[in-house]
There are 2 protein chains.
Amino acid sequence: MAQSDTVDRILDAAEELFADRGFSETSLRMITSKAKVNLAAVNYHFGSKNALIHAVFARFLTPFSATLETAFDELEERCDGKPPTLNQTLWALTESAVRMPQRNEKGISIFMRLLGLAYTQSQGHLRKFLEQEYGDPFSRFMRLLKEATPQLSSVDRYWRIQFMLGATAFTMSSSDALRDILQNKLGVETTIQEIAARLVPFLAAGMQAEDKMLIPLPDSQTPVA
Amino acid sequence: MAQSDTVDRILDAAEELFADRGFSETSLRMITSKAKVNLAAVNYHFGSKNALIHAVFARFLTPFSATLETAFDELEERCDGKPPTLNQTLWALTESAVRMPQRNEKGISIFMRLLGLAYTQSQGHLRKFLEQEYGDPFSRFMRLLKEATPQLSSVDRYWRIQFMLGATAFTMSSSDALRDILQNKLGVETTIQEIAARLVPFLAAGMQAEDKMLIPLPDSQTPVA
DNA sequence: CAGGCTTTCAAACGTATGTTTCAAACAGAC
DNA sequence: GTCTGTTTGAAACATACGTTTGAAAGCCTG
């Protein structure tokens, strides 16, 4: 065994269990027994459960953010001064995610599911960690989105970005389950690339929707401007 | 005090704490101390923590699903045989949610956050409970969506519905946090009605997007038809 | 006001958690 | 081989959890 095969085994087990069950619902004993290492190994190698969570994120987010920066570099160079289009920007992100080297066939959906958890179950420490470590490529993505949608107000853009993130994280986080359902119901095979190919135009269309809707509230409640 | 003021106080406290922190992260001791009732009261009145979770959902989901059925009835009657449009269908749902009688000013966002949690943190028992109790209006909503988008293939529709659910559940499940961020960043106040007013056209546009995208994968990977 | 049923209360139970301890096993350098 | 620092191991720690208990208090009916 390599010197710190233990560390990787813990990370592998933790990653999968976190993605399956969430953070609080996954105990160190589950992790260590799945990883076939001693319970104390987590605190020895990582210091605490929270630090382990950070390490799980860092392991895939660090190479991913590097890939993403490169993709953005290439894109901006290719556009030669002009701001990349919305489709190009979304696609640069999607392609970076899909083409990341995977540890196994479940890699990409675990990756997405973890991102979704980070958003929805974030316990303060995680959000702070992610913001601090990976805020830069995220900000850059935001800037590109902004330049690709100059017609939107800041507030509109903000919310539509949230909608995009939601559709993406949610779909990807359960893409295995959704794929199975589709297989059983309609007998259709679907690859993660195909899901992406359907998702991107959905997002682009939503992002570029014409109007904010006027809410017709017949009585009670104040209508929204 | 009314006879079972205790029950309502527990439900109120539980609802708010669940929405703030999630299910596993909220202990019975937090709930009972916030509600100012004895710890044993939860198990006495509800039987278990899981049953309390179900009761919290039932309290707002039962009247909501009734409201929703009525809204769908009215919509279908108004359309007089012709299938309602996508916008009408989405709006019937949104309006039913927004116009539910609220116990307090935070009511609607708690409501939404709980729905988001139900989707993202569902622990089996909850999903089963919701499916059993409220599967009917959900199926009806799905049927309306199908009739409103006859141009879509079953597979396309399936995935786009997932995208819609994702954007909605995800956004709503963290809408308070997102609102705060927006408040700090841009100094803008946002109501839940405004979020809905932005979300619906986003979803409608995405749902009706023209094309599935052709994926340009420069090398490796097989392009998608 | 007496009786029986319901509700509250403080305390304890058993279990599971994250973390710590300290001795044993191991690794590589001299 | 011996010595050093690192890693593993079994066990225990303290704490928090959901749940149960059994007695006290409250309430309503007769």
# chains A, B, ... in the order shown; residues from 1 in each chain; ligands from 1
>>> interface_residues(of="chain D", to="chain A", cutoff="9 Å", atoms="only C-alpha atoms (C1' of nucleotides)", output="PyMOL selection string")
chain D and resi 7-9
>>> write_last_selection(atoms="N, CA, C and O atoms (P, O5', C5', C4', C3', O3' and C1' of nucleotides)", output="mmCIF file, in the first residue's frame")
data_model
loop_
_atom_site.group_PDB
_atom_site.id
_atom_site.type_symbol
_atom_site.label_atom_id
_atom_site.label_comp_id
_atom_site.auth_asym_id
_atom_site.auth_seq_id
_atom_site.Cartn_x
_atom_site.Cartn_y
_atom_site.Cartn_z
ATOM 1 P P DT D 7 2.276 10.086 8.511
ATOM 2 O "O5'" DT D 7 1.472 8.779 8.941
ATOM 3 C "C5'" DT D 7 1.782 7.533 8.335
ATOM 4 C "C4'" DT D 7 1.184 6.409 9.153
ATOM 5 C "C3'" DT D 7 -0.330 6.385 9.224
ATOM 6 O "O3'" DT D 7 -0.778 5.287 8.448
ATOM 7 C "C1'" DT D 7 0.678 5.793 11.297
ATOM 8 P P DT D 8 -2.297 4.926 8.378
ATOM 9 O "O5'" DT D 8 -2.442 3.974 9.634
ATOM 10 C "C5'" DT D 8 -2.302 2.580 9.446
ATOM 11 C "C4'" DT D 8 -2.455 1.900 10.788
ATOM 12 C "C3'" DT D 8 -3.894 1.562 11.165
ATOM 13 O "O3'" DT D 8 -4.033 0.162 11.161
ATOM 14 C "C1'" DT D 8 -2.675 2.434 13.021
ATOM 15 P P DG D 9 -5.448 -0.480 11.207
ATOM 16 O "O5'" DG D 9 -5.659 -0.649 12.778
ATOM 17 C "C5'" DG D 9 -4.776 -1.483 13.503
ATOM 18 C "C4'" DG D 9 -5.136 -1.476 14.962
ATOM 19 C "C3'" DG D 9 -6.633 -1.476 15.239
ATOM 20 O "O3'" DG D 9 -6.996 -2.773 15.720
ATOM 21 C "C1'" DG D 9 -5.498 0.175 16.577
#
>>> interface_residues(of="chain A", to="chain B", cutoff="7 Å", atoms="only C-alpha atoms", output="list in words")
Ser24, Thr120, Gln162, Phe163, Met164, Gly166, Ala167, Phe170, Thr171, Glu194, Ala197, Arg198, Pro201, Phe202, Leu203, Ala205, Gly206, Met207, Ala209, Asp211, Lys212, Met213, Leu214, Ile215 and Val224 of chain A
>>> residues_around(residues="DG3 of chain C", least_positions_apart="2", cutoff="10 Å", atoms="only C-alpha atoms (C1' of nucleotides)", output="NGL selection string")
(:C and (1 or 5)) or (:D and (29-30))
>>> write_last_selection(atoms="all heavy atoms", output="PDB file, in the first residue's frame")
ATOM      1  P    DC C   1     -65.049  20.623  48.244  1.00  0.00           P
ATOM      2  OP1  DC C   1     -64.456  20.902  49.447  1.00  0.00           O
ATOM      3  OP2  DC C   1     -64.570  20.821  46.942  1.00  0.00           O
ATOM      4  O5'  DC C   1     -66.284  19.619  48.326  1.00  0.00           O
ATOM      5  C5'  DC C   1     -66.481  18.362  48.904  1.00  0.00           C
ATOM      6  C4'  DC C   1     -66.312  17.231  47.926  1.00  0.00           C
ATOM      7  O4'  DC C   1     -67.033  17.476  46.685  1.00  0.00           O
ATOM      8  C3'  DC C   1     -64.863  17.017  47.505  1.00  0.00           C
ATOM      9  O3'  DC C   1     -64.674  15.618  47.306  1.00  0.00           O
ATOM     10  C2'  DC C   1     -64.816  17.699  46.160  1.00  0.00           C
ATOM     11  C1'  DC C   1     -66.136  17.221  45.610  1.00  0.00           C
ATOM     12  N1   DC C   1     -66.622  17.926  44.375  1.00  0.00           N
ATOM     13  C2   DC C   1     -67.343  17.178  43.438  1.00  0.00           C
ATOM     14  O2   DC C   1     -67.582  15.984  43.653  1.00  0.00           O
ATOM     15  N3   DC C   1     -67.763  17.778  42.301  1.00  0.00           N
ATOM     16  C4   DC C   1     -67.495  19.076  42.106  1.00  0.00           C
ATOM     17  N4   DC C   1     -67.938  19.646  40.967  1.00  0.00           N
ATOM     18  C5   DC C   1     -66.771  19.862  43.047  1.00  0.00           C
ATOM     19  C6   DC C   1     -66.354  19.241  44.154  1.00  0.00           C
ATOM     20  P    DC C   5     -61.287   6.370  32.643  1.00  0.00           P
ATOM     21  OP1  DC C   5     -62.212   5.464  31.947  1.00  0.00           O
ATOM     22  OP2  DC C   5     -60.131   5.842  33.397  1.00  0.00           O
ATOM     23  O5'  DC C   5     -60.748   7.439  31.600  1.00  0.00           O
ATOM     24  C5'  DC C   5     -61.634   8.441  31.078  1.00  0.00           C
ATOM     25  C4'  DC C   5     -60.837   9.685  30.705  1.00  0.00           C
ATOM     26  O4'  DC C   5     -60.429  10.378  31.895  1.00  0.00           O
ATOM     27  C3'  DC C   5     -59.564   9.395  29.913  1.00  0.00           C
ATOM     28  O3'  DC C   5     -59.646  10.059  28.655  1.00  0.00           O
ATOM     29  C2'  DC C   5     -58.428   9.941  30.773  1.00  0.00           C
ATOM     30  C1'  DC C   5     -59.145  10.924  31.690  1.00  0.00           C
ATOM     31  N1   DC C   5     -58.492  11.083  33.012  1.00  0.00           N
ATOM     32  C2   DC C   5     -58.143  12.357  33.466  1.00  0.00           C
ATOM     33  O2   DC C   5     -58.385  13.342  32.746  1.00  0.00           O
ATOM     34  N3   DC C   5     -57.553  12.503  34.681  1.00  0.00           N
ATOM     35  C4   DC C   5     -57.307  11.439  35.435  1.00  0.00           C
ATOM     36  N4   DC C   5     -56.732  11.623  36.620  1.00  0.00           N
ATOM     37  C5   DC C   5     -57.660  10.114  34.990  1.00  0.00           C
ATOM     38  C6   DC C   5     -58.236   9.980  33.796  1.00  0.00           C
TER      39       DC C   5
ATOM     40  P    DT D  29     -67.529  18.408  30.186  1.00  0.00           P
ATOM     41  OP1  DT D  29     -67.913  18.301  28.763  1.00  0.00           O
ATOM     42  OP2  DT D  29     -67.903  19.602  30.963  1.00  0.00           O
ATOM     43  O5'  DT D  29     -68.064  17.131  30.946  1.00  0.00           O
ATOM     44  C5'  DT D  29     -67.477  15.858  30.677  1.00  0.00           C
ATOM     45  C4'  DT D  29     -67.917  14.837  31.703  1.00  0.00           C
ATOM     46  O4'  DT D  29     -67.235  15.063  32.970  1.00  0.00           O
ATOM     47  C3'  DT D  29     -69.412  14.863  32.006  1.00  0.00           C
ATOM     48  O3'  DT D  29     -69.895  13.528  32.021  1.00  0.00           O
ATOM     49  C2'  DT D  29     -69.495  15.522  33.390  1.00  0.00           C
ATOM     50  C1'  DT D  29     -68.178  15.062  34.024  1.00  0.00           C
ATOM     51  N1   DT D  29     -67.631  15.963  35.082  1.00  0.00           N
ATOM     52  C2   DT D  29     -67.192  15.423  36.265  1.00  0.00           C
ATOM     53  O2   DT D  29     -67.227  14.246  36.510  1.00  0.00           O
ATOM     54  N3   DT D  29     -66.684  16.342  37.166  1.00  0.00           N
ATOM     55  C4   DT D  29     -66.597  17.724  36.995  1.00  0.00           C
ATOM     56  O4   DT D  29     -66.129  18.435  37.854  1.00  0.00           O
ATOM     57  C5   DT D  29     -67.085  18.212  35.733  1.00  0.00           C
ATOM     58  C7   DT D  29     -67.042  19.674  35.438  1.00  0.00           C
ATOM     59  C6   DT D  29     -67.581  17.328  34.844  1.00  0.00           C
ATOM     60  P    DG D  30     -71.509  13.298  31.952  1.00  0.00           P
ATOM     61  OP1  DG D  30     -71.708  12.142  31.061  1.00  0.00           O
ATOM     62  OP2  DG D  30     -72.183  14.587  31.682  1.00  0.00           O
ATOM     63  O5'  DG D  30     -71.852  12.854  33.430  1.00  0.00           O
ATOM     64  C5'  DG D  30     -71.377  11.601  33.930  1.00  0.00           C
ATOM     65  C4'  DG D  30     -71.417  11.640  35.454  1.00  0.00           C
ATOM     66  O4'  DG D  30     -70.601  12.714  35.917  1.00  0.00           O
ATOM     67  C3'  DG D  30     -72.824  11.928  36.004  1.00  0.00           C
ATOM     68  O3'  DG D  30     -73.400  10.712  36.526  1.00  0.00           O
ATOM     69  C2'  DG D  30     -72.615  12.930  37.141  1.00  0.00           C
ATOM     70  C1'  DG D  30     -71.123  13.162  37.166  1.00  0.00           C
ATOM     71  N9   DG D  30     -70.776  14.579  37.277  1.00  0.00           N
ATOM     72  C8   DG D  30     -71.044  15.576  36.367  1.00  0.00           C
ATOM     73  N7   DG D  30     -70.607  16.748  36.760  1.00  0.00           N
ATOM     74  C5   DG D  30     -70.036  16.500  38.007  1.00  0.00           C
ATOM     75  C6   DG D  30     -69.424  17.393  38.904  1.00  0.00           C
ATOM     76  O6   DG D  30     -69.242  18.608  38.775  1.00  0.00           O
ATOM     77  N1   DG D  30     -68.990  16.718  40.048  1.00  0.00           N
ATOM     78  C2   DG D  30     -69.134  15.371  40.280  1.00  0.00           C
ATOM     79  N2   DG D  30     -68.651  14.900  41.430  1.00  0.00           N
ATOM     80  N3   DG D  30     -69.707  14.540  39.450  1.00  0.00           N
ATOM     81  C4   DG D  30     -70.141  15.167  38.330  1.00  0.00           C
TER      82       DG D  30
END
>>> atom_distance(atom1="atom CA of Ile192 of chain B", atom2="atom CA of Asp180 of chain B")
12.3 Å
>>> calpha_fit_and_write(fixed="chain B", moving="chain A", output="mmCIF file with C-alpha atoms, in the first residue's frame")
data_model
loop_
_atom_site.group_PDB
_atom_site.id
_atom_site.type_symbol
_atom_site.label_atom_id
_atom_site.label_comp_id
_atom_site.auth_asym_id
_atom_site.auth_seq_id
_atom_site.Cartn_x
_atom_site.Cartn_y
_atom_site.Cartn_z
ATOM 1 C CA MET A 1 -54.425 28.141 26.942
ATOM 2 C CA ALA A 2 -56.414 26.196 24.443
ATOM 3 C CA GLN A 3 -56.475 22.462 24.859
ATOM 4 C CA SER A 4 -53.752 21.631 22.441
ATOM 5 C CA ASP A 5 -51.896 24.783 22.084
ATOM 6 C CA THR A 6 -48.932 22.490 22.789
ATOM 7 C CA VAL A 7 -49.353 20.720 19.460
ATOM 8 C CA ASP A 8 -49.340 24.010 17.554
ATOM 9 C CA ARG A 9 -46.377 25.365 19.420
ATOM 10 C CA ILE A 10 -44.429 22.227 18.586
ATOM 11 C CA LEU A 11 -45.430 22.454 14.935
ATOM 12 C CA ASP A 12 -44.475 26.133 14.739
ATOM 13 C CA ALA A 13 -41.083 25.562 16.288
ATOM 14 C CA ALA A 14 -40.380 22.428 14.270
ATOM 15 C CA GLU A 15 -41.388 24.072 11.016
ATOM 16 C CA GLU A 16 -39.064 26.984 11.493
ATOM 17 C CA LEU A 17 -36.135 24.922 12.742
ATOM 18 C CA PHE A 18 -36.500 22.323 10.002
ATOM 19 C CA ALA A 19 -36.555 25.075 7.394
ATOM 20 C CA ASP A 20 -33.492 26.712 8.907
ATOM 21 C CA ARG A 21 -31.351 23.645 9.529
ATOM 22 C CA GLY A 22 -32.799 20.568 7.889
ATOM 23 C CA PHE A 23 -34.283 17.502 9.528
ATOM 24 C CA SER A 24 -31.314 15.559 10.854
ATOM 25 C CA GLU A 25 -29.677 18.719 12.115
ATOM 26 C CA THR A 26 -32.698 19.630 14.199
ATOM 27 C CA SER A 27 -33.079 17.725 17.465
ATOM 28 C CA LEU A 28 -36.246 17.233 19.440
ATOM 29 C CA ARG A 29 -34.613 19.101 22.293
ATOM 30 C CA MET A 30 -34.143 22.177 20.113
ATOM 31 C CA ILE A 31 -37.746 21.962 19.047
ATOM 32 C CA THR A 32 -39.229 21.469 22.488
ATOM 33 C CA SER A 33 -37.118 24.162 24.066
ATOM 34 C CA LYS A 34 -37.996 26.653 21.339
ATOM 35 C CA ALA A 35 -41.645 25.693 21.710
ATOM 36 C CA LYS A 36 -41.330 25.876 25.513
ATOM 37 C CA VAL A 37 -42.876 22.458 26.004
ATOM 38 C CA ASN A 38 -41.629 19.284 27.636
ATOM 39 C CA LEU A 39 -39.365 17.008 25.640
ATOM 40 C CA ALA A 40 -41.732 14.081 25.947
ATOM 41 C CA ALA A 41 -44.563 16.099 24.418
ATOM 42 C CA VAL A 42 -43.405 15.355 20.890
ATOM 43 C CA ASN A 43 -43.544 11.613 21.328
ATOM 44 C CA TYR A 44 -46.766 11.896 23.277
ATOM 45 C CA HIS A 45 -48.610 13.963 20.672
ATOM 46 C CA PHE A 46 -47.007 12.752 17.463
ATOM 47 C CA GLY A 47 -45.472 9.387 18.268
ATOM 48 C CA SER A 48 -42.055 9.920 16.769
ATOM 49 C CA LYS A 49 -39.825 12.492 15.163
ATOM 50 C CA ASN A 50 -40.670 11.188 11.697
ATOM 51 C CA ALA A 51 -44.377 11.516 12.431
ATOM 52 C CA LEU A 52 -43.734 15.105 13.520
ATOM 53 C CA ILE A 53 -42.046 15.792 10.199
ATOM 54 C CA HIS A 54 -45.087 14.393 8.408
ATOM 55 C CA ALA A 55 -47.381 16.569 10.522
ATOM 56 C CA VAL A 56 -45.388 19.686 9.698
ATOM 57 C CA PHE A 57 -45.811 18.981 6.016
ATOM 58 C CA ALA A 58 -49.441 18.050 6.331
ATOM 59 C CA ARG A 59 -50.308 21.289 8.094
ATOM 60 C CA PHE A 60 -49.478 23.451 5.116
ATOM 61 C CA LEU A 61 -49.714 20.953 2.298
ATOM 62 C CA THR A 62 -53.301 19.926 2.970
ATOM 63 C CA PRO A 63 -54.837 23.403 2.630
ATOM 64 C CA PHE A 64 -52.445 24.222 -0.162
ATOM 65 C CA SER A 65 -53.385 21.212 -2.234
ATOM 66 C CA ALA A 66 -57.045 22.086 -1.730
ATOM 67 C CA THR A 67 -56.423 25.655 -2.907
ATOM 68 C CA LEU A 68 -54.498 24.330 -5.835
ATOM 69 C CA GLU A 69 -57.228 21.933 -6.897
ATOM 70 C CA THR A 70 -59.705 24.813 -6.822
ATOM 71 C CA ALA A 71 -57.371 26.978 -8.891
ATOM 72 C CA PHE A 72 -57.028 24.201 -11.448
ATOM 73 C CA ASP A 73 -60.762 23.684 -11.501
ATOM 74 C CA GLU A 74 -61.358 27.353 -12.212
ATOM 75 C CA LEU A 75 -58.647 27.421 -14.825
ATOM 76 C CA GLU A 76 -59.962 24.440 -16.717
ATOM 77 C CA GLU A 77 -63.482 25.758 -16.546
ATOM 78 C CA ARG A 78 -62.327 29.125 -17.817
ATOM 79 C CA CYS A 79 -60.566 27.433 -20.724
ATOM 80 C CA ASP A 80 -63.697 25.558 -21.578
ATOM 81 C CA GLY A 81 -62.297 22.344 -22.992
ATOM 82 C CA LYS A 82 -59.124 23.719 -24.502
ATOM 83 C CA PRO A 83 -55.991 22.906 -22.493
ATOM 84 C CA PRO A 84 -54.700 25.852 -20.446
ATOM 85 C CA THR A 85 -51.459 27.419 -21.656
ATOM 86 C CA LEU A 86 -48.155 26.895 -19.929
ATOM 87 C CA ASN A 87 -48.214 30.412 -18.532
ATOM 88 C CA GLN A 88 -51.703 29.969 -17.178
ATOM 89 C CA THR A 89 -50.800 26.686 -15.534
ATOM 90 C CA LEU A 90 -47.621 28.003 -13.968
ATOM 91 C CA TRP A 91 -49.425 31.044 -12.817
ATOM 92 C CA ALA A 92 -52.247 29.080 -11.210
ATOM 93 C CA LEU A 93 -49.654 27.244 -9.157
ATOM 94 C CA THR A 94 -47.671 30.346 -8.247
ATOM 95 C CA GLU A 95 -50.726 32.314 -7.316
ATOM 96 C CA SER A 96 -52.006 29.515 -5.113
ATOM 97 C CA ALA A 97 -48.712 29.436 -3.278
ATOM 98 C CA VAL A 98 -48.332 33.176 -2.902
ATOM 99 C CA ARG A 99 -51.886 33.737 -1.797
ATOM 100 C CA MET A 100 -52.027 31.002 0.816
ATOM 101 C CA PRO A 101 -52.993 32.411 4.208
ATOM 102 C CA GLN A 102 -49.715 32.793 6.084
ATOM 103 C CA ARG A 103 -49.131 32.309 9.782
ATOM 104 C CA ASN A 104 -46.467 34.993 9.640
ATOM 105 C CA GLU A 105 -44.403 37.042 7.223
ATOM 106 C CA LYS A 106 -41.896 34.238 6.814
ATOM 107 C CA GLY A 107 -44.643 31.793 5.931
ATOM 108 C CA ILE A 108 -44.158 31.532 2.224
ATOM 109 C CA SER A 109 -40.405 31.145 2.283
ATOM 110 C CA ILE A 110 -40.578 28.524 5.032
ATOM 111 C CA PHE A 111 -43.172 26.738 2.959
ATOM 112 C CA MET A 112 -40.886 26.755 -0.065
ATOM 113 C CA ARG A 113 -37.817 25.839 1.850
ATOM 114 C CA LEU A 114 -39.568 22.824 3.326
ATOM 115 C CA LEU A 115 -40.607 21.708 -0.127
ATOM 116 C CA GLY A 116 -37.014 22.017 -1.237
ATOM 117 C CA LEU A 117 -35.855 19.972 1.720
ATOM 118 C CA ALA A 118 -38.468 17.354 0.984
ATOM 119 C CA TYR A 119 -36.913 17.005 -2.415
ATOM 120 C CA THR A 120 -33.251 17.074 -1.487
ATOM 121 C CA GLN A 121 -33.137 15.581 2.012
ATOM 122 C CA SER A 122 -36.012 13.201 1.642
ATOM 123 C CA GLN A 123 -35.304 10.167 3.775
ATOM 124 C CA GLY A 124 -37.561 7.625 2.176
ATOM 125 C CA HIS A 125 -40.285 7.847 4.753
ATOM 126 C CA LEU A 126 -40.986 11.455 3.764
ATOM 127 C CA ARG A 127 -41.038 10.829 0.060
ATOM 128 C CA LYS A 128 -43.398 7.922 0.550
ATOM 129 C CA PHE A 129 -45.652 10.006 2.779
ATOM 130 C CA LEU A 130 -45.819 12.916 0.346
ATOM 131 C CA GLU A 131 -46.412 10.701 -2.636
ATOM 132 C CA GLN A 132 -49.230 8.906 -0.871
ATOM 133 C CA GLU A 133 -50.950 11.974 0.551
ATOM 134 C CA TYR A 134 -50.442 14.556 -2.168
ATOM 135 C CA GLY A 135 -49.748 12.605 -5.305
ATOM 136 C CA ASP A 136 -53.079 13.556 -6.880
ATOM 137 C CA PRO A 137 -52.737 17.333 -7.270
ATOM 138 C CA PHE A 138 -49.154 16.782 -8.307
ATOM 139 C CA SER A 139 -50.218 14.372 -11.019
ATOM 140 C CA ARG A 140 -52.830 16.831 -12.158
ATOM 141 C CA PHE A 141 -50.234 19.580 -12.419
ATOM 142 C CA MET A 142 -48.094 17.226 -14.449
ATOM 143 C CA ARG A 143 -50.962 16.446 -16.758
ATOM 144 C CA LEU A 144 -51.631 20.142 -17.305
ATOM 145 C CA LEU A 145 -47.974 20.701 -18.075
ATOM 146 C CA LYS A 146 -48.077 17.866 -20.519
ATOM 147 C CA GLU A 147 -51.089 19.278 -22.326
ATOM 148 C CA ALA A 148 -49.513 22.722 -22.387
ATOM 149 C CA THR A 149 -46.328 21.448 -24.010
ATOM 150 C CA PRO A 150 -47.420 18.915 -26.622
ATOM 151 C CA GLN A 151 -44.359 19.726 -28.719
ATOM 152 C CA LEU A 152 -42.019 18.217 -26.124
ATOM 153 C CA SER A 153 -41.087 14.554 -25.937
ATOM 154 C CA SER A 154 -41.881 12.830 -22.626
ATOM 155 C CA VAL A 155 -38.231 12.727 -21.706
ATOM 156 C CA ASP A 156 -37.580 16.359 -22.546
ATOM 157 C CA ARG A 157 -40.635 17.382 -20.622
ATOM 158 C CA TYR A 158 -39.638 15.282 -17.631
ATOM 159 C CA TRP A 159 -36.257 16.935 -17.351
ATOM 160 C CA ARG A 160 -37.502 20.421 -17.956
ATOM 161 C CA ILE A 161 -40.041 19.975 -15.208
ATOM 162 C CA GLN A 162 -37.211 18.981 -12.899
ATOM 163 C CA PHE A 163 -35.343 22.121 -13.900
ATOM 164 C CA MET A 164 -38.391 24.223 -13.140
ATOM 165 C CA LEU A 165 -38.884 22.599 -9.772
ATOM 166 C CA GLY A 166 -35.224 23.146 -9.004
ATOM 167 C CA ALA A 167 -35.173 26.801 -9.903
ATOM 168 C CA THR A 168 -38.344 27.373 -7.925
ATOM 169 C CA ALA A 169 -37.581 25.387 -4.802
ATOM 170 C CA PHE A 170 -34.047 26.652 -4.611
ATOM 171 C CA THR A 171 -34.879 30.292 -5.093
ATOM 172 C CA MET A 172 -37.841 30.285 -2.805
ATOM 173 C CA SER A 173 -36.080 28.277 -0.155
ATOM 174 C CA SER A 174 -33.488 30.956 0.280
ATOM 175 C CA SER A 175 -35.503 33.911 -0.879
ATOM 176 C CA ASP A 176 -35.096 35.776 2.386
ATOM 177 C CA ALA A 177 -31.332 35.521 2.219
ATOM 178 C CA LEU A 178 -31.298 36.381 -1.478
ATOM 179 C CA ARG A 179 -33.552 39.364 -0.911
ATOM 180 C CA ASP A 180 -31.189 40.654 1.764
ATOM 181 C CA ILE A 181 -28.171 40.270 -0.501
ATOM 182 C CA LEU A 182 -29.907 42.196 -3.241
ATOM 183 C CA GLN A 183 -30.919 44.882 -0.779
ATOM 184 C CA ASN A 184 -27.321 45.310 0.352
ATOM 185 C CA LYS A 185 -25.674 45.078 -3.051
ATOM 186 C CA LEU A 186 -28.013 47.093 -5.207
ATOM 187 C CA GLY A 187 -30.221 48.767 -2.663
ATOM 188 C CA VAL A 188 -33.359 47.245 -4.135
ATOM 189 C CA GLU A 189 -36.388 46.091 -2.204
ATOM 190 C CA THR A 190 -38.048 42.939 -3.477
ATOM 191 C CA THR A 191 -41.310 41.285 -2.578
ATOM 192 C CA ILE A 192 -42.015 37.604 -2.926
ATOM 193 C CA GLN A 193 -44.582 38.513 -5.586
ATOM 194 C CA GLU A 194 -41.909 40.235 -7.621
ATOM 195 C CA ILE A 195 -39.658 37.208 -7.408
ATOM 196 C CA ALA A 196 -42.533 35.116 -8.676
ATOM 197 C CA ALA A 197 -43.128 37.621 -11.456
ATOM 198 C CA ARG A 198 -39.533 37.154 -12.571
ATOM 199 C CA LEU A 199 -39.467 33.430 -12.060
ATOM 200 C CA VAL A 200 -42.525 32.482 -14.075
ATOM 201 C CA PRO A 201 -41.322 33.922 -17.418
ATOM 202 C CA PHE A 202 -37.892 32.418 -16.835
ATOM 203 C CA LEU A 203 -39.496 29.019 -16.376
ATOM 204 C CA ALA A 204 -41.866 29.432 -19.280
ATOM 205 C CA ALA A 205 -39.027 30.425 -21.601
ATOM 206 C CA GLY A 206 -36.853 27.533 -20.468
ATOM 207 C CA MET A 207 -39.724 25.125 -20.764
ATOM 208 C CA GLN A 208 -40.339 26.225 -24.332
ATOM 209 C CA ALA A 209 -36.695 26.420 -25.413
ATOM 210 C CA GLU A 210 -36.256 25.283 -28.975
ATOM 211 C CA ASP A 211 -33.511 22.723 -29.075
ATOM 212 C CA LYS A 212 -31.798 20.161 -27.046
ATOM 213 C CA MET A 213 -28.179 21.090 -27.426
ATOM 214 C CA LEU A 214 -25.797 18.967 -29.402
ATOM 215 C CA ILE A 215 -22.782 18.379 -27.268
ATOM 216 C CA PRO A 216 -19.531 19.005 -29.100
ATOM 217 C CA LEU A 217 -17.065 16.778 -27.333
ATOM 218 C CA PRO A 218 -13.860 17.199 -29.343
ATOM 219 C CA ASP A 219 -12.287 14.012 -28.084
ATOM 220 C CA SER A 220 -13.033 11.318 -25.508
ATOM 221 C CA GLN A 221 -16.570 10.682 -24.301
ATOM 222 C CA THR A 222 -19.374 9.747 -26.634
ATOM 223 C CA PRO A 223 -21.348 12.607 -28.110
ATOM 224 C CA VAL A 224 -24.986 12.808 -27.226
ATOM 225 C CA ALA A 225 -27.616 12.464 -29.888
#
>>> interface_residues(of="chain C", to="chain B", cutoff="12 Å", atoms="only C-alpha atoms (C1' of nucleotides)", output="list in words")
DT6, DT7, DT8, DC9, DA10 and DA11 of chain C
>>> select_by_dssp(residues="segment 10-134 of chain A", states="alpha helix (DSSP H)", output="PyMOL selection string")
chain A and resi 10-21+28-35+40-45+49-79+86-98+107-120+125-134
>>> atom_distance(atom1="atom C1' of DA24 of chain C", atom2="atom C1' of DT15 of chain D")
28.8 Å
>>> atom_distance(atom1="atom C1' of DA10 of chain D", atom2="atom C1' of DT21 of chain C")
10.7 Å
>>> residues_around(residues="DA12 of chain D", least_positions_apart="6", cutoff="12 Å", atoms="only C-alpha atoms (C1' of nucleotides)", output="tab-separated table (two decimals) with N, CA, C and O atoms (P, O5', C5', C4', C3', O3' and C1' of nucleotides), in the first residue's frame")
chain	number	residue	atom	x	y	z
C	19	DT	P	-14.98	16.16	15.33
C	19	DT	O5'	-14.25	15.62	16.64
C	19	DT	C5'	-14.61	16.16	17.90
C	19	DT	C4'	-13.83	15.48	19.00
C	19	DT	C3'	-12.31	15.43	18.78
C	19	DT	O3'	-11.70	16.21	19.79
C	19	DT	C1'	-13.16	13.35	19.58
C	20	DT	P	-10.09	16.37	19.83
C	20	DT	O5'	-9.66	15.24	20.88
C	20	DT	C5'	-10.30	15.20	22.14
C	20	DT	C4'	-9.72	14.06	22.98
C	20	DT	C3'	-8.19	13.98	22.97
C	20	DT	O3'	-7.77	14.04	24.32
C	20	DT	C1'	-9.16	11.84	22.51
C	21	DT	P	-6.17	14.07	24.68
C	21	DT	O5'	-5.86	12.56	25.05
C	21	DT	C5'	-6.77	11.84	25.86
C	21	DT	C4'	-6.38	10.37	25.95
C	21	DT	C3'	-4.87	10.12	25.97
C	21	DT	O3'	-4.54	9.40	27.14
C	21	DT	C1'	-5.97	8.66	24.44
C	22	DC	P	-3.11	9.60	27.83
C	22	DC	O5'	-2.43	8.20	27.47
C	22	DC	C5'	-3.18	7.00	27.65
C	22	DC	C4'	-2.62	5.89	26.79
C	22	DC	C3'	-1.08	5.91	26.63
C	22	DC	O3'	-0.63	4.57	26.67
C	22	DC	C1'	-2.07	5.82	24.55
